[in-house]
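Raw work-v8.cif, mmCIF, C-alpha atoms:
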data_start
loop_
_atom_site.label_atom_id
_atom_site.label_comp_id
_atom_site.auth_asym_id
_atom_site.auth_seq_id
_atom_site.Cartn_x
_atom_site.Cartn_y
_atom_site.Cartn_z
CA MET A 1 0.00 0.00 0.00
CA SER A 2 1.26 3.48 -0.91
CA ASN A 3 -0.94 6.50 -0.30
CA VAL A 4 0.29 9.97 -1.21
CA ALA A 5 -1.03 13.52 -0.69
CA VAL A 6 -0.27 16.18 -3.30
CA ILE A 7 -0.16 19.70 -1.84
CA GLY A 8 0.43 23.16 -3.28
CA VAL A 9 3.52 24.82 -1.82
CA GLN A 10 2.80 28.45 -2.76
CA TRP A 11 -0.45 30.45 -3.21
CA GLY A 12 -2.08 27.86 -5.48
CA ASP A 13 -1.98 27.44 -9.27
CA GLU A 14 1.26 25.42 -8.99
CA GLY A 15 0.24 22.68 -11.42
CA LYS A 16 -1.08 20.12 -8.94
CA GLY A 17 -3.56 18.78 -11.48
CA LYS A 18 -0.81 17.81 -13.88
CA ILE A 19 1.15 15.92 -11.19
CA VAL A 20 -2.00 14.19 -9.90
CA ASP A 21 -2.83 13.17 -13.46
CA LEU A 22 0.73 11.84 -13.88
CA PHE A 23 0.63 9.72 -10.71
CA THR A 24 -2.93 8.43 -11.25
CA GLU A 25 -1.49 5.66 -13.43
CA HIS A 26 -0.18 4.07 -10.22
CA VAL A 27 -3.30 4.34 -8.02
CA SER A 28 -6.86 3.06 -7.94
CA VAL A 29 -8.52 6.01 -6.19
CA VAL A 30 -8.00 9.80 -6.29
CA VAL A 31 -9.59 11.88 -3.52
CA ARG A 32 -10.18 15.64 -3.52
CA PHE A 33 -10.39 16.68 0.14
CA GLN A 34 -11.02 20.47 0.40
CA GLY A 35 -11.98 23.65 -1.42
CA GLY A 36 -14.63 24.04 -4.06
CA ASN A 37 -14.98 25.33 -7.59
CA ASN A 38 -12.75 28.26 -6.65
CA ALA A 39 -9.95 25.91 -7.71
CA GLY A 40 -9.07 25.17 -11.31
CA HIS A 41 -6.79 22.32 -12.36
CA THR A 42 -5.65 22.50 -15.98
CA LEU A 43 -4.57 19.25 -17.66
CA VAL A 44 -3.03 18.79 -21.09
CA VAL A 45 -2.94 15.27 -22.54
CA GLY A 46 -1.99 14.70 -26.15
CA GLY A 47 -2.28 18.43 -26.76
CA GLU A 48 -5.91 18.58 -25.55
CA LYS A 49 -6.67 20.83 -22.59
CA THR A 50 -9.18 19.97 -19.87
CA VAL A 51 -9.99 22.26 -16.94
CA LEU A 52 -11.47 20.70 -13.79
CA HIS A 53 -12.90 22.51 -10.78
CA LEU A 54 -14.41 19.81 -8.53
CA ILE A 55 -13.74 16.35 -9.95
CA PRO A 56 -10.23 15.07 -9.14
CA SER A 57 -7.64 15.28 -11.89
CA GLY A 58 -7.36 11.50 -12.14
CA ILE A 59 -10.62 11.32 -14.09
CA LEU A 60 -8.76 11.42 -17.42
CA HIS A 61 -7.57 7.86 -16.76
CA SER A 62 -10.03 5.06 -17.52
CA GLY A 63 -10.91 2.69 -14.71
CA LYS A 64 -9.85 5.02 -11.89
CA ILE A 65 -12.27 6.09 -9.17
CA CYS A 66 -12.46 9.78 -8.27
CA VAL A 67 -13.86 10.82 -4.91
CA ILE A 68 -15.14 14.25 -3.88
CA GLY A 69 -14.59 14.13 -0.13
CA ASN A 70 -16.55 15.50 2.79
CA GLY A 71 -14.16 18.45 3.12
CA VAL A 72 -15.12 19.85 -0.29
CA VAL A 73 -17.94 22.36 -0.75
CA VAL A 74 -19.98 21.50 -3.84
CA ASP A 75 -21.97 23.66 -6.24
CA PRO A 76 -24.42 21.11 -7.77
CA GLU A 77 -24.90 23.07 -10.98
CA VAL A 78 -21.16 23.41 -11.54
CA LEU A 79 -20.60 19.73 -10.84
CA CYS A 80 -23.29 18.73 -13.33
CA ARG A 81 -21.70 20.93 -16.00
CA GLU A 82 -18.32 19.38 -15.29
CA ILE A 83 -19.77 15.89 -15.67
CA ASP A 84 -21.35 16.95 -18.97
CA GLN A 85 -18.02 18.33 -20.18
CA LEU A 86 -16.21 15.10 -19.39
CA GLN A 87 -18.88 12.88 -20.89
CA SER A 88 -18.85 14.92 -24.10
CA LYS A 89 -15.19 13.88 -24.41
CA GLY A 90 -16.02 10.21 -23.87
CA LEU A 91 -14.88 10.24 -20.24
CA LEU A 92 -16.79 9.26 -17.07
CA SER A 93 -18.92 6.78 -19.01
CA ASP A 94 -19.21 4.57 -15.93
CA ASP A 95 -21.06 6.11 -12.96
CA ARG A 96 -18.93 4.00 -10.62
CA GLN A 97 -15.93 6.18 -11.48
CA LEU A 98 -17.25 9.08 -9.40
CA VAL A 99 -18.09 9.12 -5.69
CA LEU A 100 -19.63 12.19 -4.05
CA SER A 101 -19.48 12.27 -0.26
CA ASP A 102 -22.88 12.53 1.38
CA GLY A 103 -21.19 14.65 4.07
CA ALA A 104 -19.90 17.34 1.69
CA HIS A 105 -21.55 20.72 2.14
CA VAL A 106 -23.57 22.31 -0.66
CA ILE A 107 -22.97 25.80 -2.04
CA MET A 108 -26.41 27.38 -2.09
CA PRO A 109 -27.51 30.32 -4.29
CA TRP A 110 -27.53 32.65 -1.30
CA HIS A 111 -23.88 31.81 -0.54
CA LYS A 112 -22.81 33.09 -3.96
CA ARG A 113 -24.89 36.26 -3.68
CA ILE A 114 -23.57 37.03 -0.20
CA ASP A 115 -20.00 36.43 -1.37
CA VAL A 116 -20.28 38.93 -4.23
CA LEU A 117 -22.16 41.53 -2.17
CA ARG A 118 -19.67 41.38 0.70
CA GLU A 119 -16.67 41.72 -1.59
CA GLY A 120 -18.27 44.65 -3.34
CA ALA A 121 -18.87 46.40 -0.02
CA MET A 122 -15.24 46.10 1.11
CA GLY A 123 -13.82 48.73 -1.24
CA ASP A 124 -10.02 48.82 -1.09
CA ALA A 125 -9.99 46.11 1.60
CA LYS A 126 -11.13 43.36 -0.81
CA ILE A 127 -9.84 39.87 -0.09
CA GLY A 128 -10.01 38.92 -3.76
CA THR A 129 -12.46 36.03 -3.51
CA THR A 130 -13.71 34.27 -6.65
CA GLY A 131 -17.33 35.10 -5.80
CA ARG A 132 -18.24 31.38 -5.98
CA GLY A 133 -19.75 31.30 -2.47
CA ILE A 134 -16.96 29.19 -0.97
CA GLY A 135 -16.37 31.25 2.17
CA PRO A 136 -20.03 31.70 3.15
CA THR A 137 -20.60 27.95 2.68
CA TYR A 138 -17.76 27.06 5.04
CA GLU A 139 -19.12 29.66 7.49
CA ASP A 140 -22.50 27.95 7.54
CA LYS A 141 -20.80 24.58 7.96
CA VAL A 142 -18.96 25.77 11.08
CA ALA A 143 -22.11 27.53 12.35
CA ARG A 144 -23.96 24.19 12.06
CA ARG A 145 -26.58 25.55 9.69
CA GLY A 146 -25.16 24.19 6.45
CA VAL A 147 -26.86 22.07 3.81
CA ARG A 148 -25.13 18.77 3.05
CA VAL A 149 -25.27 16.52 0.01
CA PHE A 150 -27.15 14.09 2.27
CA ASP A 151 -29.91 16.74 2.47
CA LEU A 152 -29.73 17.78 -1.19
CA VAL A 153 -30.70 14.35 -2.54
CA ARG A 154 -33.63 13.87 -0.14
CA PRO A 155 -36.41 16.35 -1.08
CA ASP A 156 -38.09 16.52 2.34
CA ARG A 157 -34.81 17.04 4.16
CA PHE A 158 -33.71 19.54 1.55
CA ARG A 159 -36.83 21.64 1.97
CA ALA A 160 -36.40 21.67 5.74
CA ALA A 161 -32.72 22.64 5.40
CA VAL A 162 -33.52 25.47 3.00
CA GLU A 163 -36.32 26.83 5.18
CA ARG A 164 -34.06 26.66 8.22
CA ALA A 165 -31.12 28.53 6.64
CA LEU A 166 -32.81 30.99 4.28
CA PRO A 167 -34.15 33.61 6.75
CA ALA A 168 -30.69 34.46 8.11
CA ALA A 169 -29.20 34.45 4.61
CA ASN A 170 -31.91 36.76 3.26
CA GLU A 171 -31.46 39.11 6.18
CA GLU A 172 -27.79 39.58 5.28
CA ILE A 173 -28.51 39.87 1.56
CA VAL A 174 -31.07 42.64 2.15
CA ARG A 175 -28.70 44.43 4.54
CA LEU A 176 -26.04 44.40 1.80
CA GLY A 177 -28.50 45.78 -0.75
CA GLY A 178 -29.26 42.55 -2.62
CA GLU A 179 -32.41 40.74 -3.72
CA PRO A 180 -33.60 38.01 -1.29
CA PHE A 181 -34.47 34.45 -2.35
CA GLU A 182 -37.75 32.53 -2.08
CA ALA A 183 -37.56 28.95 -0.80
CA GLU A 184 -39.50 27.63 -3.80
CA GLN A 185 -37.10 29.39 -6.14
CA VAL A 186 -34.14 27.59 -4.55
CA MET A 187 -35.90 24.23 -4.47
CA ALA A 188 -36.76 24.47 -8.14
CA ALA A 189 -33.23 25.48 -9.16
CA TYR A 190 -31.61 22.51 -7.40
CA ALA A 191 -34.20 19.82 -8.15
CA LYS A 192 -32.67 18.60 -11.41
CA PRO A 193 -29.04 18.72 -10.22
CA ALA A 194 -30.05 16.72 -7.14
CA GLU A 195 -31.78 14.11 -9.28
CA ARG A 196 -28.71 13.91 -11.51
CA LEU A 197 -26.16 13.60 -8.71
CA VAL A 198 -27.88 11.10 -6.42
CA ARG A 199 -26.37 8.16 -8.36
CA TYR A 200 -22.86 9.19 -7.22
CA VAL A 201 -23.63 9.82 -3.55
CA LYS A 202 -22.33 7.49 -0.85
CA ASP A 203 -20.38 7.35 2.40
CA ALA A 204 -17.04 8.36 0.88
CA SER A 205 -15.13 7.96 4.14
CA LEU A 206 -16.13 4.30 4.36
CA PHE A 207 -15.49 3.77 0.66
CA VAL A 208 -11.93 5.14 0.78
CA TYR A 209 -11.16 3.24 3.99
CA GLN A 210 -12.32 -0.03 2.47
CA ARG A 211 -10.20 0.50 -0.63
CA ILE A 212 -7.14 1.21 1.51
CA GLN A 213 -7.82 -1.90 3.59
CA ALA A 214 -8.03 -3.88 0.35
CA GLY A 215 -4.48 -2.75 -0.49
CA ASP A 216 -5.30 -0.17 -3.18
CA ASN A 217 -3.09 2.88 -3.66
CA VAL A 218 -4.84 6.20 -3.03
CA LEU A 219 -3.83 9.70 -4.11
CA PHE A 220 -5.13 12.68 -2.10
CA GLU A 221 -5.45 15.85 -4.18
CA GLY A 222 -5.31 19.26 -2.55
CA ALA A 223 -6.60 22.52 -3.97
CA GLN A 224 -5.14 26.04 -3.65
CA GLY A 225 -1.77 26.25 -1.84
CA THR A 226 -0.14 26.24 1.58
CA LEU A 227 -0.05 30.04 1.92
CA LEU A 228 -3.82 30.18 1.35
CA ASP A 229 -4.48 27.90 4.34
CA VAL A 230 -6.97 29.51 6.72
CA ASP A 231 -4.71 28.76 9.72
CA HIS A 232 -1.20 28.84 8.28
CA GLY A 233 -1.50 31.16 5.27
CA THR A 234 -1.23 34.92 4.78
CA TYR A 235 -4.35 35.63 6.84
CA PRO A 236 -6.79 37.27 6.15
CA TYR A 237 -5.87 36.94 2.46
CA VAL A 238 -6.51 33.21 2.47
CA THR A 239 -9.13 30.69 1.40
CA SER A 240 -11.76 29.35 3.80
CA SER A 241 -10.40 25.82 4.27
CA ASN A 242 -7.23 24.10 5.44
CA THR A 243 -5.06 23.46 2.41
CA VAL A 244 -2.17 21.79 4.25
CA ALA A 245 -1.52 18.04 4.26
CA GLY A 246 -3.02 17.47 7.70
CA ASN A 247 -6.46 18.17 6.26
CA ALA A 248 -6.15 15.37 3.71
CA ALA A 249 -7.22 12.98 6.47
CA VAL A 250 -10.00 15.17 7.87
CA GLY A 251 -11.42 16.12 4.47
CA SER A 252 -11.58 12.54 3.23
CA GLY A 253 -12.56 10.76 6.42
CA VAL A 254 -9.56 8.50 6.99
CA GLY A 255 -6.94 8.46 9.73
CA PRO A 256 -3.62 10.30 9.27
CA SER A 257 -1.74 7.01 9.45
CA CYS A 258 -3.34 6.10 6.11
CA ILE A 259 -1.27 8.76 4.33
CA GLY A 260 2.29 7.62 3.79
CA GLU A 261 3.94 10.51 1.97
CA VAL A 262 3.35 14.16 1.09
CA ILE A 263 4.55 15.67 -2.18
CA GLY A 264 4.66 19.45 -2.60
CA ILE A 265 4.13 21.16 -5.93
CA THR A 266 5.91 24.41 -6.71
CA LYS A 267 6.38 26.46 -9.82
CA ALA A 268 9.91 27.38 -10.86
CA TYR A 269 8.81 30.92 -10.01
CA THR A 270 5.96 32.24 -7.82
CA THR A 271 2.42 33.46 -8.51
CA ARG A 272 -0.64 34.43 -6.54
CA VAL A 273 -4.13 35.68 -7.32
CA GLY A 274 -6.03 38.24 -5.30
CA SER A 275 -4.85 40.61 -2.60
CA GLY A 276 -2.27 40.07 0.10
CA PRO A 277 1.48 40.21 0.73
CA PHE A 278 3.82 38.82 -1.94
CA PRO A 279 7.48 39.62 -1.16
CA THR A 280 9.01 38.56 -4.50
CA GLU A 281 6.35 40.11 -6.75
CA LEU A 282 7.64 41.65 -9.99
CA LEU A 283 5.61 44.69 -11.03
CA GLY A 284 7.56 45.56 -14.19
CA GLN A 285 8.26 43.96 -17.55
CA VAL A 286 9.89 40.82 -16.15
CA GLY A 287 6.71 40.02 -14.24
CA GLN A 288 4.61 40.61 -17.34
CA ASP A 289 6.91 38.40 -19.39
CA LEU A 290 6.47 35.57 -16.88
CA ARG A 291 2.70 36.08 -16.95
CA ASP A 292 2.51 35.97 -20.74
CA LYS A 293 4.93 33.13 -21.31
CA GLY A 294 3.51 31.04 -18.46
CA GLY A 295 -0.13 31.70 -19.39
CA GLU A 296 -0.66 33.02 -15.89
CA TYR A 297 -4.37 33.73 -16.02
CA GLY A 298 -6.74 32.02 -13.61
CA ALA A 299 -8.34 28.78 -14.84
CA THR A 300 -11.41 29.60 -12.73
CA THR A 301 -11.71 33.39 -13.02
CA GLY A 302 -9.45 34.37 -15.92
CA ARG A 303 -7.85 36.98 -13.65
CA PRO A 304 -4.17 37.77 -14.38
CA ARG A 305 -1.92 36.23 -11.75
CA ARG A 306 0.67 38.28 -9.93
CA CYS A 307 4.12 36.90 -10.79
CA GLY A 308 7.47 36.97 -9.00
CA TRP A 309 10.75 35.22 -8.41
CA LEU A 310 10.94 31.87 -6.64
CA ASP A 311 10.83 32.19 -2.85
CA ALA A 312 12.86 29.61 -0.92
CA VAL A 313 11.53 30.97 2.39
CA VAL A 314 8.04 29.92 1.30
CA ILE A 315 9.29 26.49 0.25
CA ARG A 316 10.98 25.92 3.64
CA PHE A 317 7.78 26.94 5.41
CA ALA A 318 5.64 24.62 3.28
CA ALA A 319 8.08 21.76 3.84
CA ARG A 320 7.72 22.20 7.59
CA VAL A 321 3.94 22.57 7.93
CA ASN A 322 3.18 19.80 5.41
CA GLY A 323 5.97 17.36 6.23
CA LEU A 324 7.07 17.25 2.58
CA ALA A 325 9.01 14.22 1.38
CA GLY A 326 9.65 15.69 -2.06
CA LEU A 327 8.96 18.52 -4.48
CA ALA A 328 7.60 18.49 -8.00
CA PHE A 329 8.91 21.46 -9.97
CA THR A 330 6.53 22.77 -12.65
CA LYS A 331 6.91 25.29 -15.51
CA MET A 332 10.70 25.10 -15.70
CA ASP A 333 10.36 25.77 -19.43
CA VAL A 334 8.88 29.22 -18.75
CA LEU A 335 12.26 30.40 -17.41
CA THR A 336 14.11 29.45 -20.60
CA GLY A 337 15.75 32.47 -22.20
CA MET A 338 15.98 34.58 -19.04
CA PRO A 339 19.65 35.59 -18.66
CA THR A 340 19.58 35.86 -14.87
CA LEU A 341 17.31 34.20 -12.33
CA LYS A 342 16.74 35.27 -8.75
CA ILE A 343 15.81 33.22 -5.68
CA ALA A 344 14.71 34.79 -2.39
CA VAL A 345 16.88 33.05 0.22
CA ALA A 346 15.73 35.18 3.19
CA TYR A 347 13.99 38.49 3.99
CA GLU A 348 15.05 41.79 5.49
CA LEU A 349 12.45 42.82 8.06
CA ASP A 350 12.82 46.03 10.07
CA GLY A 351 16.57 46.04 9.44
CA GLU A 352 17.17 42.41 10.41
CA ARG A 353 17.65 39.24 8.34
CA VAL A 354 14.77 36.75 8.67
CA ASP A 355 15.24 33.19 7.41
CA GLU A 356 11.78 31.84 8.23
CA LEU A 357 8.36 33.03 7.06
CA PRO A 358 6.77 35.63 9.41
CA THR A 359 3.46 34.35 10.77
CA ASP A 360 1.95 37.85 10.74
CA GLY A 361 0.70 39.10 7.36
CA GLU A 362 1.55 42.72 8.14
CA SER A 363 5.15 41.75 8.87
CA LEU A 364 5.32 39.76 5.64
CA ALA A 365 4.03 42.78 3.73
CA ARG A 366 6.99 44.81 5.05
CA ALA A 367 9.53 42.09 4.34
CA LYS A 368 12.02 42.73 1.54
CA PRO A 369 13.48 39.69 -0.24
CA ILE A 370 17.20 38.98 -0.03
CA TYR A 371 18.07 37.55 -3.43
CA GLU A 372 20.66 35.17 -4.72
CA GLU A 373 21.28 35.36 -8.47
CA MET A 374 21.95 32.44 -10.77
CA PRO A 375 22.65 32.27 -14.53
CA GLY A 376 19.80 31.18 -16.77
CA TRP A 377 19.76 28.96 -19.86
CA THR A 378 18.66 29.26 -23.48
CA GLU A 379 18.28 25.60 -24.44
CA ASP A 380 14.83 24.16 -25.19
CA LEU A 381 13.76 21.85 -22.34
CA SER A 382 10.77 20.18 -24.01
CA ALA A 383 12.77 17.30 -25.49
CA CYS A 384 14.49 16.41 -22.19
CA LYS A 385 13.39 13.00 -20.91
CA ARG A 386 15.99 12.47 -18.19
CA TYR A 387 17.28 14.81 -15.52
CA GLU A 388 20.81 14.53 -16.91
CA GLU A 389 19.60 15.94 -20.24
CA LEU A 390 18.62 19.28 -18.69
CA PRO A 391 21.03 22.17 -19.30
CA GLU A 392 23.68 22.51 -16.62
CA ASN A 393 22.32 25.84 -15.39
CA ALA A 394 18.80 24.39 -15.09
CA ARG A 395 20.16 21.56 -12.96
CA ARG A 396 22.11 24.00 -10.81
CA TYR A 397 18.92 26.01 -10.26
CA ILE A 398 17.00 22.91 -9.15
CA GLU A 399 19.82 21.70 -6.91
CA ARG A 400 20.10 25.09 -5.24
CA ILE A 401 16.39 24.96 -4.44
CA GLU A 402 16.87 21.52 -2.91
CA GLU A 403 19.54 23.00 -0.64
CA LEU A 404 17.57 26.10 0.29
CA GLY A 405 14.22 24.36 0.68
CA ARG A 406 15.69 21.28 2.40
CA VAL A 407 13.53 19.02 0.24
CA PRO A 408 14.59 16.84 -2.72
CA VAL A 409 13.11 17.61 -6.15
CA MET A 410 11.54 14.38 -7.42
CA ALA A 411 9.85 15.60 -10.61
CA VAL A 412 10.48 18.39 -13.12
CA SER A 413 7.89 19.61 -15.61
CA VAL A 414 9.40 20.86 -18.89
CA GLY A 415 6.15 21.53 -20.76
CA PRO A 416 2.36 21.51 -20.27
CA ASP A 417 1.65 17.98 -21.56
CA ARG A 418 1.48 14.95 -19.27
CA ALA A 419 4.42 13.40 -21.16
CA GLU A 420 6.59 16.48 -20.65
CA THR A 421 7.64 15.56 -17.13
CA ILE A 422 10.95 14.19 -15.87
CA LEU A 423 10.33 11.83 -12.96
CA ARG A 424 13.40 11.37 -10.76
CA ARG A 425 11.57 9.32 -8.10
CA ASN A 426 8.16 7.71 -8.18
CA PRO A 427 6.55 7.51 -4.71
CA PHE A 428 4.49 4.52 -5.83
CA VAL A 429 7.43 2.45 -7.08
CA SER A 430 10.01 0.97 -4.71
CA PRO A 431 13.58 2.07 -5.49
#

Any chance you could put this one into structure tokens?
Amino acid sequence: MSNVAVIGVQWGDEGKGKIVDLFTEHVSVVVRFQGGNNAGHTLVVGGEKTVLHLIPSGILHSGKICVIGNGVVVDPEVLCREIDQLQSKGLLSDDRQLVLSDGAHVIMPWHKRIDVLREGAMGDAKIGTTGRGIGPTYEDKVARRGVRVFDLVRPDRFRAAVERALPAANEEIVRLGGEPFEAEQVMAAYAKPAERLVRYVKDASLFVYQRIQAGDNVLFEGAQGTLLDVDHGTYPYVTSSNTVAGNAAVGSGVGPSCIGEVIGITKAYTTRVGSGPFPTELLGQVGQDLRDKGGEYGATTGRPRRCGWLDAVVIRFAARVNGLAGLAFTKMDVLTGMPTLKIAVAYELDGERVDELPTDGESLARAKPIYEEMPGWTEDLSACKRYEELPENARRYIERIEELGRVPVMAVSVGPDRAETILRRNPFVSP
């Protein structure tokens, strides 16, 4: 048995979907354990691009089972559209390939309206949410007034849940200047999605546990990134769930001892979307060049991503809070042609050198990166199949990150396609 969690090391958008897709060949089950359709995983196989928001990235492999765990918040309409998209490509032809946890919480129409209205009322203090209703749904979950998939697919329970939650939601919507909802309006909108999704609903915790007990390999897929974790990220500019590896157990309903190894995914540079501190951000032409060459526009929102140099302080932090056993390096090819590369090895904060990530967002916003420069390369990476085939300066860059981040690099992506990945160590194959 070998069970692995794949976690974003930075502020999300690191290319987790590609690495999950790559490793799915070696597992039977892929589990998404947190977040919602505020995440977007872009996969390229044989030149064809697929963007997923809720269904785990392993769905492009036939015969694999994809599980949406209890820690995910689910928009039924979005999930139905995603299923339609996959089935139009000849995928997900067998209903048994998808499991939807009955304990997952449902994003209701009022959650999305509240999300947009709140963000609009914040002026310059905007968090930068996607407006998908993720935060308000997690709020209702914690407040014990949420609607679960278990309720959604049982009409009588669903009506009771809607009537219980709607008055408080409408009160906030009206206070924010929005149009309130009628219970019948909500019931009608979700009736068909509920009827469509009921075939996939089961006790996902029990299902995953039984597969592990049977000796199957399981891959746990995270969304967003470590620095968007609600506890450990750049609060308050974070998402509404725990994105770190510890939540892989909670959000899928298995014990932590079931997860054997954690792999972190990092770009060869750094990006983030939305507001918040970003010490290595590049505001000039170099940042724009990275954005254009790397296609750094959100898969979910289309928003341009903020781009900057690679930050080894962030990698060290992510290695610590996730217990990383290895790193997968994505988008190395984007750096090709840059004469000089910079890596933040530490920060200067209030006149002092800081080697570890400040836990306070205001302190991080004042931190100035201390850079180390390295020579770039001009050679095309896309044809490289083995690590030794990479240009010498590319290898030096990777090896310096291993030293600074204190984590070995086990995979290097040299292009967007599944096949354009150099695998130095496979966590599912014994050495």

Have a look at A:Ile19, A:Leu282, A:Leu310, A:Val162 and name the one nearest to Thr421 of chain A; count only C-alpha atoms. A:Ile19

From the set A:Asn322, A:Pro279, A:Gly376, A:Ser430, which residue has the shortest atom-to-atom contact distance to Leu349 of chain A, counting only C-alpha atoms?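 The closest residue to Leu349 of chain A is A:Pro279.
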
Show me, as lines of an AutoDock Vina configuration file, the centre and edge lengths in Å to one decimal of the axis-aligned box that covers every listed atom of segment 323-342 of chain A with 6 Å on each side.
center_x = 12.8
center_y = 25.0
center_z = -8.0
size_x = 25.7
size_y = 33.6
size_z = 40.4

Taking the file as shown, what set of residues would the PyMOL selection byres ((chain A and resi 380-385) around 6) give back, as JSON, numbers by chain? {"A": [333, 379, 386, 389, 414, 415, 422]}

For segment 74-87 of chain A, please output as a compact mmCIF listing (two decimals) with C-alpha atoms, keeping the file's coordinate frame all residues within 8 Å (counting only C-alpha atoms; exclusion window: fewer than 6 positions along the same chain).
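Dumped to part-v8.txt:
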# COMPACT_ATOMS: atom_id res chain seq x y z
CA GLY A 36 -14.63 24.04 -4.06
CA ASN A 37 -14.98 25.33 -7.59
CA LEU A 52 -11.47 20.70 -13.79
CA HIS A 53 -12.90 22.51 -10.78
CA LEU A 54 -14.41 19.81 -8.53
CA ILE A 55 -13.74 16.35 -9.95
CA SER A 93 -18.92 6.78 -19.01
CA ALA A 104 -19.90 17.34 1.69
CA HIS A 105 -21.55 20.72 2.14
CA VAL A 106 -23.57 22.31 -0.66
CA ILE A 107 -22.97 25.80 -2.04
CA MET A 108 -26.41 27.38 -2.09
CA TYR A 190 -31.61 22.51 -7.40
CA PRO A 193 -29.04 18.72 -10.22
CA ALA A 194 -30.05 16.72 -7.14
CA ARG A 196 -28.71 13.91 -11.51
CA LEU A 197 -26.16 13.60 -8.71

Every residue with an atom at most 9 Å from (-12.2, 2.9, -1.3) (file coordinates; all atoms listed in the file) is what I'm after, so could you write them as a PDB file with C-alpha atoms, keeping the file's coordinate frame?
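Okay, this is what ended up in out-v7.pdb:
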ATOM      1  CA  SER A  28      -6.860   3.060  -7.940  1.00  0.00           C
ATOM      2  CA  VAL A  29      -8.520   6.010  -6.190  1.00  0.00           C
ATOM      3  CA  ILE A  65     -12.270   6.090  -9.170  1.00  0.00           C
ATOM      4  CA  VAL A  67     -13.860  10.820  -4.910  1.00  0.00           C
ATOM      5  CA  ALA A 204     -17.040   8.360   0.880  1.00  0.00           C
ATOM      6  CA  SER A 205     -15.130   7.960   4.140  1.00  0.00           C
ATOM      7  CA  LEU A 206     -16.130   4.300   4.360  1.00  0.00           C
ATOM      8  CA  PHE A 207     -15.490   3.770   0.660  1.00  0.00           C
ATOM      9  CA  VAL A 208     -11.930   5.140   0.780  1.00  0.00           C
ATOM     10  CA  TYR A 209     -11.160   3.240   3.990  1.00  0.00           C
ATOM     11  CA  GLN A 210     -12.320  -0.030   2.470  1.00  0.00           C
ATOM     12  CA  ARG A 211     -10.200   0.500  -0.630  1.00  0.00           C
ATOM     13  CA  ILE A 212      -7.140   1.210   1.510  1.00  0.00           C
ATOM     14  CA  GLN A 213      -7.820  -1.900   3.590  1.00  0.00           C
ATOM     15  CA  ALA A 214      -8.030  -3.880   0.350  1.00  0.00           C
ATOM     16  CA  ASP A 216      -5.300  -0.170  -3.180  1.00  0.00           C
ATOM     17  CA  VAL A 218      -4.840   6.200  -3.030  1.00  0.00           C
TER      18      VAL A 218
END

Run the PyMOL selection byres ((chain A and resi 113) around 9) against the file shown and list the residues it catches, as a PyMOL selection string. chain A and resi 109-112+114-118+131-133+173+178-179

Those selected residues, please, written with C-alpha atoms and delivered as an mmCIF file, keeping the file's coordinate frame.
data_model
loop_
_atom_site.group_PDB
_atom_site.id
_atom_site.type_symbol
_atom_site.label_atom_id
_atom_site.label_comp_id
_atom_site.auth_asym_id
_atom_site.auth_seq_id
_atom_site.Cartn_x
_atom_site.Cartn_y
_atom_site.Cartn_z
ATOM 1 C CA PRO A 109 -27.510 30.320 -4.290
ATOM 2 C CA TRP A 110 -27.530 32.650 -1.300
ATOM 3 C CA HIS A 111 -23.880 31.810 -0.540
ATOM 4 C CA LYS A 112 -22.810 33.090 -3.960
ATOM 5 C CA ILE A 114 -23.570 37.030 -0.200
ATOM 6 C CA ASP A 115 -20.000 36.430 -1.370
ATOM 7 C CA VAL A 116 -20.280 38.930 -4.230
ATOM 8 C CA LEU A 117 -22.160 41.530 -2.170
ATOM 9 C CA ARG A 118 -19.670 41.380 0.700
ATOM 10 C CA GLY A 131 -17.330 35.100 -5.800
ATOM 11 C CA ARG A 132 -18.240 31.380 -5.980
ATOM 12 C CA GLY A 133 -19.750 31.300 -2.470
ATOM 13 C CA ILE A 173 -28.510 39.870 1.560
ATOM 14 C CA GLY A 178 -29.260 42.550 -2.620
ATOM 15 C CA GLU A 179 -32.410 40.740 -3.720
#

Between A:Val51, A:Ala268, A:Ile7, A:Glu281, single out the one closest to Gly323 of chain A, counting only C-alpha atoms.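 Of A:Val51, A:Ala268, A:Ile7, A:Glu281, the one nearest Gly323 of chain A is A:Ile7, counting only C-alpha atoms.
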
Pick from A:Asp292, A:Asp140, A:His41, A:Arg148, whichever lies nearest to Leu166 of chain A using all atoms listed in the file: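 Checking each of A:Asp292, A:Asp140, A:His41, A:Arg148 against Leu166 of chain A, counting all atoms listed in the file, the winner is A:Asp140.
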